[in-house]
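Structure file coords03.txt; described as compact mmCIF, C-alpha atoms.
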```txt
# COMPACT_ATOMS: atom_id res chain seq x y z
CA MET A 1 11.10 70.87 34.88
CA LEU A 2 10.66 67.16 35.50
CA GLN A 3 6.96 66.92 34.80
CA ASN A 4 7.47 63.75 32.83
CA LEU A 5 5.23 62.38 30.14
CA GLY A 6 7.84 59.91 28.98
CA ASP A 7 7.70 57.83 32.15
CA SER A 8 3.99 57.20 31.67
CA GLN A 9 4.71 55.76 28.23
CA MET A 10 7.79 53.64 29.02
CA ASN A 11 5.87 50.40 28.48
CA LEU A 12 4.13 51.63 25.36
CA ARG A 13 4.72 49.47 22.30
CA PRO A 14 2.86 51.05 19.39
CA SER A 15 2.05 49.03 16.31
CA HIS A 16 4.40 49.38 13.36
CA ARG A 17 2.00 51.73 11.57
CA VAL A 18 1.48 53.89 14.65
CA ARG A 19 5.21 54.05 15.26
CA LYS A 20 5.88 55.11 11.67
CA LEU A 21 3.20 57.77 11.98
CA GLN A 22 4.80 59.09 15.16
CA GLU A 23 8.25 59.14 13.55
CA SER A 24 6.91 60.97 10.50
CA GLN A 25 5.16 63.64 12.55
CA HIS A 26 8.15 64.12 14.82
CA ALA A 27 10.45 64.54 11.80
CA ARG A 28 8.07 67.05 10.19
CA ALA A 29 7.81 69.01 13.43
CA MET A 30 11.61 69.07 13.77
CA ASP A 31 12.11 70.22 10.19
CA SER A 32 9.33 72.83 10.27
CA PRO A 33 9.02 74.64 13.62
CA ASP A 34 6.08 76.71 12.33
CA HIS A 35 4.16 73.88 10.70
CA ARG A 36 0.58 73.32 11.92
CA PHE A 37 -0.71 69.78 11.69
CA HIS A 38 -4.18 68.97 10.41
CA ALA A 39 -6.35 65.82 10.22
CA LEU A 40 -5.06 64.72 13.63
CA TYR A 41 -8.52 63.88 14.96
CA GLU A 42 -8.92 61.28 12.21
CA GLN A 43 -5.70 59.64 13.37
CA VAL A 44 -6.92 59.50 16.97
CA CYS A 45 -10.03 57.63 15.77
CA GLN A 46 -8.05 54.90 14.03
CA ARG A 47 -8.43 51.45 15.56
CA ASP A 48 -4.74 50.62 15.99
CA VAL A 49 -4.21 53.93 17.80
CA LEU A 50 -7.10 53.20 20.16
CA GLU A 51 -5.87 49.63 20.70
CA THR A 52 -2.39 50.88 21.60
CA ALA A 53 -3.93 53.43 23.96
CA TRP A 54 -6.06 50.72 25.61
CA HIS A 55 -3.06 48.46 26.21
CA GLN A 56 -1.10 51.32 27.76
CA CYS A 57 -4.06 52.29 29.89
CA ARG A 58 -4.35 48.67 31.06
CA ILE A 59 -0.65 48.59 31.96
CA ASN A 60 -0.93 51.84 33.90
CA GLY A 61 -3.87 50.44 35.86
CA GLY A 62 -5.73 52.55 38.39
CA GLY A 63 -9.19 52.61 39.87
CA PRO A 64 -12.50 53.36 38.18
CA GLY A 65 -13.86 56.79 37.43
CA VAL A 66 -17.29 58.19 38.24
CA ASP A 67 -19.02 55.48 36.20
CA GLY A 68 -17.55 52.74 38.41
CA GLN A 69 -16.34 50.78 35.38
CA THR A 70 -13.20 48.72 36.04
CA PHE A 71 -10.74 47.05 33.70
CA ALA A 72 -12.23 43.70 34.70
CA ASP A 73 -15.68 44.94 33.70
CA ILE A 74 -14.44 45.91 30.25
CA GLU A 75 -12.58 42.63 29.75
CA ASN A 76 -15.58 40.60 30.89
CA SER A 77 -17.88 42.33 28.41
CA GLY A 78 -15.24 42.33 25.67
CA VAL A 79 -12.45 44.78 24.91
CA ASP A 80 -13.38 44.73 21.22
CA ASN A 81 -16.92 45.82 22.08
CA PHE A 82 -15.53 48.60 24.28
CA LEU A 83 -13.24 49.84 21.50
CA ASP A 84 -15.97 49.47 18.86
CA GLU A 85 -18.24 51.80 20.82
CA LEU A 86 -15.45 54.28 21.52
CA GLU A 87 -14.32 54.31 17.89
CA ASP A 88 -17.89 54.89 16.71
CA GLU A 89 -18.48 57.72 19.21
CA LEU A 90 -15.29 59.47 18.18
CA ALA A 91 -15.80 59.03 14.44
CA SER A 92 -19.38 60.33 14.63
CA LEU A 93 -18.36 63.22 16.91
CA ARG A 94 -20.68 61.93 19.65
CA TYR A 95 -17.96 61.38 22.22
CA GLN A 96 -18.31 63.50 25.34
CA ALA A 97 -15.96 63.61 28.30
CA THR A 98 -17.40 62.58 31.64
CA ALA A 99 -16.74 64.01 35.08
CA VAL A 100 -13.50 63.19 36.90
CA ARG A 101 -13.52 61.40 40.26
CA ARG A 102 -11.50 63.13 42.99
CA VAL A 103 -9.67 60.98 45.50
CA ASP A 104 -8.05 62.47 48.60
CA MET A 105 -5.15 60.31 49.75
CA PRO A 106 -3.71 60.87 53.27
CA ARG A 107 -0.01 61.67 53.52
CA PRO A 108 2.38 61.80 56.49
CA GLY A 109 1.93 64.80 58.75
CA GLY A 110 -1.81 64.98 58.20
CA LYS A 111 -1.47 66.28 54.65
CA ILE A 112 -3.67 65.23 51.76
CA ARG A 113 -2.60 64.35 48.23
CA ARG A 114 -5.48 65.07 45.92
CA VAL A 115 -5.61 63.09 42.68
CA HIS A 116 -8.25 62.77 40.00
CA LEU A 117 -9.38 59.69 38.11
CA PRO A 118 -11.01 60.08 34.71
CA THR A 119 -13.10 57.14 33.56
CA ILE A 120 -11.16 54.40 31.80
CA ARG A 121 -12.99 55.40 28.63
CA ASP A 122 -11.66 58.96 28.88
CA ARG A 123 -8.19 57.73 29.81
CA VAL A 124 -8.01 55.63 26.65
CA VAL A 125 -8.97 58.57 24.44
CA GLN A 126 -6.49 60.86 26.20
CA LEU A 127 -3.70 58.35 25.67
CA ALA A 128 -4.71 58.05 22.01
CA VAL A 129 -4.35 61.82 21.67
CA LEU A 130 -0.94 61.64 23.36
CA LEU A 131 0.19 59.02 20.84
CA ILE A 132 -0.64 61.43 18.02
CA VAL A 133 0.37 64.85 19.35
CA GLY A 134 3.13 63.82 21.76
CA PRO A 135 5.79 63.46 19.02
CA ILE A 136 4.87 66.88 17.64
CA PHE A 137 5.38 68.76 20.90
CA GLU A 138 8.35 66.58 21.76
CA ALA A 139 10.11 68.11 18.76
CA ASP A 140 9.71 71.55 20.34
CA LEU A 141 11.31 70.51 23.62
CA PRO A 142 14.62 72.36 24.18
CA PRO A 143 17.58 70.00 24.71
CA GLU A 144 18.16 71.20 28.27
CA LYS A 145 14.66 70.25 29.38
CA TYR A 146 13.45 66.80 30.29
CA ALA A 147 9.79 65.97 29.91
CA TYR A 148 8.23 64.24 26.93
CA GLU A 149 10.48 61.58 25.48
CA THR A 150 11.05 58.20 27.10
CA GLU A 151 14.78 58.81 26.62
CA LYS A 152 14.44 62.22 28.30
CA GLY A 153 12.27 61.35 31.27
CA SER A 154 13.01 61.89 34.94
CA LEU A 155 15.56 59.05 35.12
CA ALA A 156 17.50 60.55 32.23
CA ALA A 157 17.45 63.93 34.00
CA ILE A 158 18.83 62.36 37.18
CA ARG A 159 21.64 60.69 35.22
CA HIS A 160 22.46 64.01 33.57
CA VAL A 161 22.69 65.69 36.98
CA GLN A 162 24.96 62.89 38.18
CA ARG A 163 27.27 63.45 35.21
CA LEU A 164 27.40 67.18 35.97
CA VAL A 165 28.26 66.47 39.61
CA LYS A 166 31.15 64.22 38.54
CA THR A 167 32.56 67.05 36.42
CA GLY A 168 32.59 69.41 39.41
CA ARG A 169 29.24 71.13 38.93
CA THR A 170 27.94 71.02 42.49
CA GLU A 171 25.51 73.96 42.65
CA MET A 172 21.88 73.63 41.75
CA ASP A 173 18.74 75.77 41.71
CA GLU A 174 15.51 74.12 42.80
CA LEU A 175 12.11 75.45 41.81
CA GLU A 176 8.79 74.14 43.06
CA LEU A 177 5.63 75.16 41.28
CA SER A 178 2.92 75.18 43.93
CA GLN A 179 -0.58 74.19 42.73
CA TYR A 180 0.55 74.80 39.17
CA PHE A 181 -2.03 72.47 37.64
CA ASP A 182 -4.81 74.65 39.07
CA SER A 183 -3.37 77.90 37.74
CA ILE A 184 -3.03 77.36 33.99
CA PRO A 185 -5.40 79.62 31.99
CA HIS A 186 -7.38 77.72 29.38
CA ASP A 187 -7.35 80.45 26.72
CA SER A 188 -3.56 80.81 26.76
CA LEU A 189 -3.11 77.05 26.73
CA MET A 190 -5.42 76.64 23.75
CA GLU A 191 -3.45 79.28 21.88
CA LEU A 192 -0.26 77.32 22.51
CA LEU A 193 -1.87 74.12 21.27
CA ALA A 194 -3.19 75.87 18.17
CA ARG A 195 0.33 76.93 17.19
CA ARG A 196 0.94 73.32 16.19
CA ILE A 197 -2.56 71.88 15.80
CA ASN A 198 -4.76 73.02 12.93
CA ASP A 199 -7.67 70.71 13.70
CA ARG A 200 -10.72 72.17 15.42
CA HIS A 201 -12.14 68.78 16.38
CA LEU A 202 -8.97 67.76 18.20
CA LEU A 203 -8.63 71.12 19.91
CA GLN A 204 -12.25 70.93 21.06
CA LEU A 205 -11.65 67.39 22.32
CA ILE A 206 -8.73 68.53 24.46
CA LYS A 207 -10.69 71.49 25.79
CA THR A 208 -13.57 69.28 26.93
CA TRP A 209 -11.16 67.55 29.34
CA MET A 210 -10.10 70.90 30.76
CA LEU A 211 -13.74 71.81 31.41
CA ALA A 212 -14.88 68.46 32.81
CA PRO A 213 -16.50 68.72 36.27
CA VAL A 214 -14.89 67.06 39.28
CA GLU A 215 -16.96 64.70 41.42
CA TYR A 216 -16.07 64.17 45.08
CA THR A 217 -17.49 62.74 48.28
CA ASP A 218 -17.47 64.98 51.35
CA ALA A 219 -16.93 63.98 54.98
CA ARG A 220 -20.63 63.18 55.37
CA GLY A 221 -20.61 60.85 52.40
CA ARG A 222 -22.47 63.23 50.12
CA VAL A 223 -21.49 63.23 46.45
CA SER A 224 -21.06 66.63 44.82
CA ARG A 225 -19.69 68.00 41.57
CA SER A 226 -17.52 71.06 41.10
CA THR A 227 -17.24 73.10 37.89
CA ARG A 228 -14.46 75.26 39.33
CA ASN A 229 -12.12 74.88 36.34
CA ARG A 230 -14.88 75.76 33.88
CA ASP A 231 -16.09 78.69 35.97
CA ARG A 232 -12.61 80.18 36.42
CA GLY A 233 -11.36 79.34 32.93
CA ARG A 234 -8.20 77.78 34.29
CA GLY A 235 -6.79 74.54 35.66
CA CYS A 236 -5.91 71.00 34.55
CA VAL A 237 -6.80 68.06 36.75
CA LEU A 238 -3.90 66.25 38.39
CA GLY A 239 -4.02 62.60 37.38
CA ALA A 240 -5.43 62.86 33.86
CA PRO A 241 -3.09 61.35 31.22
CA ILE A 242 -3.29 64.48 29.06
CA SER A 243 -2.38 66.90 31.88
CA PRO A 244 1.44 66.44 31.94
CA LEU A 245 1.65 67.41 28.26
CA LEU A 246 -0.50 70.49 28.83
CA VAL A 247 1.45 71.53 31.92
CA ASN A 248 4.81 71.09 30.20
CA LEU A 249 3.60 73.06 27.20
CA TYR A 250 2.64 75.99 29.41
CA VAL A 251 5.81 75.76 31.53
CA ARG A 252 7.89 75.96 28.37
CA ARG A 253 6.08 79.19 27.51
CA THR A 254 6.74 80.78 30.91
CA ARG A 255 10.29 79.54 31.53
CA LYS A 256 12.77 79.71 28.67
```

Go ahead and express the file in the form of structure tokens.
Amino acid sequence: MLQNLGDSQMNLRPSHRVRKLQESQHARAMDSPDHRFHALYEQVCQRDVLETAWHQCRINGGGPGVDGQTFADIENSGVDNFLDELEDELASLRYQATAVRRVDMPRPGGKIRRVHLPTIRDRVVQLAVLLIVGPIFEADLPPEKYAYETEKGSLAAIRHVQRLVKTGRTEMDELELSQYFDSIPHDSLMELLARRINDRHLLQLIKTWMLAPVEYTDARGRVSRSTRNRDRGRGCVLGAPISPLLVNLYVRRTRK
């Protein structure tokens, strides 16, 4: 499964304290496969974590979400002000996820690639969560699978396949998971997260992104919102920074 989180973090340069925190949690997760981590939400709220998440979000780029706010808007009004407000909302438990903007991009042959853009504000918080929980779930990744780590991203998987080919291994099985993002049941996914996360605030934060409505513009230019994921109790939006981790976590459950 090459649903890679590592590639999205290749340019990430955490602060020394954040890096040490990640290393500590990864080591603890490796040493104790059954350990459940607590007080993770507090770590997400820390300023250096949010700053690192902002810088990565800025590097990744992308268009605005439903609020229309761009990176230029945030920089013009002050990144510190933006992070101050976000830190305060998180620390006081007032943060709420906003709707996700759907963008339909034409592809060759008349096909459509449907992607979703959370607001920059939501993207920063999702990346902050990834900084904290990514190393924990990375420790659970079997050695034959490539997904979370920068060193085990899609490029590393391709190099591994090339090495196998050179040794005479020329047969390969290919599996495509059609519309997999839309099919993941929320309850089962939350159970998987809770096996490692013993922090109700963080779990609730992640769940709010699963339940966020999707806003789209139809052919007549009318703006509508869909609560399909919430109504069905399943699905992760394609394009949200947190989604690759959630998808990989569920894939690891179903394919061992």

>> Rounded to one decimal, what separation in Å do you get between atom CA of A:Arg195 and atom CA of A:Tyr41?
In response: 15.9 Å

> Which is closest to A:Val214 among A:Ile74, A:Val79, A:Leu249, A:Val115, if we use all atoms listed in the file?
Replying inline: A:Val115

> From the set A:Thr119, A:Ser226, A:Gln126, A:Asn248, which residue has the shortest atom-to-atom contact distance to A:Val66, counting all atoms listed in the file?
Replying inline: A:Thr119

>> Report as a ChimeraX atom specification all protein, DNA and RNA residues lying within 9 Å of A:His201, evaluated on all atoms listed in the file, omitting residues in the same chain fewer than 5 positions from it.
In response: /A:39-41,93,206

> How many Å separate atom CA of A:Leu50 from atom CA of A:His116?
Replying inline: 22.1 Å

>> Here is a test: counting all atoms listed in the file, which residue of A:Ile112, A:Gly63, A:Ser224, A:His38 is nearest to A:Leu203?
In response: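 Closest to A:Leu203, using all atoms listed in the file: A:His38.
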
>> One decimal, in Å: what's the spacing between atom CA of A:Leu245 and atom CA of A:Asp199?
In response: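 Distance reported for this atom pair: 17.6 Å.
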
>> My list of candidates is A:Gly233, A:Gly221, A:Pro244, A:Pro118. Which is closest to A:Gly62 when distances are computed with only C-alpha atoms?
In response: A:Pro118

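Residue nearest A:Ala27 within the list A:Pro135, A:Ser243, A:Leu164, A:Val223: A:Pro135 [criterion: smallest interatomic distance, only C-alpha atoms].
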
> Closest to A:Asp104 among A:Gly235, A:Ser32, A:Leu117, A:Glu138, using all atoms listed in the file?
Replying inline: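 Nearest to A:Asp104: A:Leu117.
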
Once you count all atoms listed in the file, which residues end up no further than 9 Å from (1.6, 72.4, 12.4) in the file's frame, shown as a compact mmCIF listing (two decimals) with C-alpha atoms, in the coordinates of the input?
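Below is the file part-v6.txt, written as the result:
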```txt
# COMPACT_ATOMS: atom_id res chain seq x y z
CA ARG A 28 8.07 67.05 10.19
CA ALA A 29 7.81 69.01 13.43
CA SER A 32 9.33 72.83 10.27
CA PRO A 33 9.02 74.64 13.62
CA ASP A 34 6.08 76.71 12.33
CA HIS A 35 4.16 73.88 10.70
CA ARG A 36 0.58 73.32 11.92
CA PHE A 37 -0.71 69.78 11.69
CA HIS A 38 -4.18 68.97 10.41
CA ILE A 136 4.87 66.88 17.64
CA ALA A 194 -3.19 75.87 18.17
CA ARG A 195 0.33 76.93 17.19
CA ARG A 196 0.94 73.32 16.19
CA ILE A 197 -2.56 71.88 15.80
CA ASN A 198 -4.76 73.02 12.93
```

>> Give me the residues near stretch 83-85 of chain A as a PyMOL selection string, where near means some atom within 9 Å (using all atoms listed in the file) and where sequence neighbours in that chain fewer than 6 positions away do not count.
In response: chain A and resi 47+50-51+54
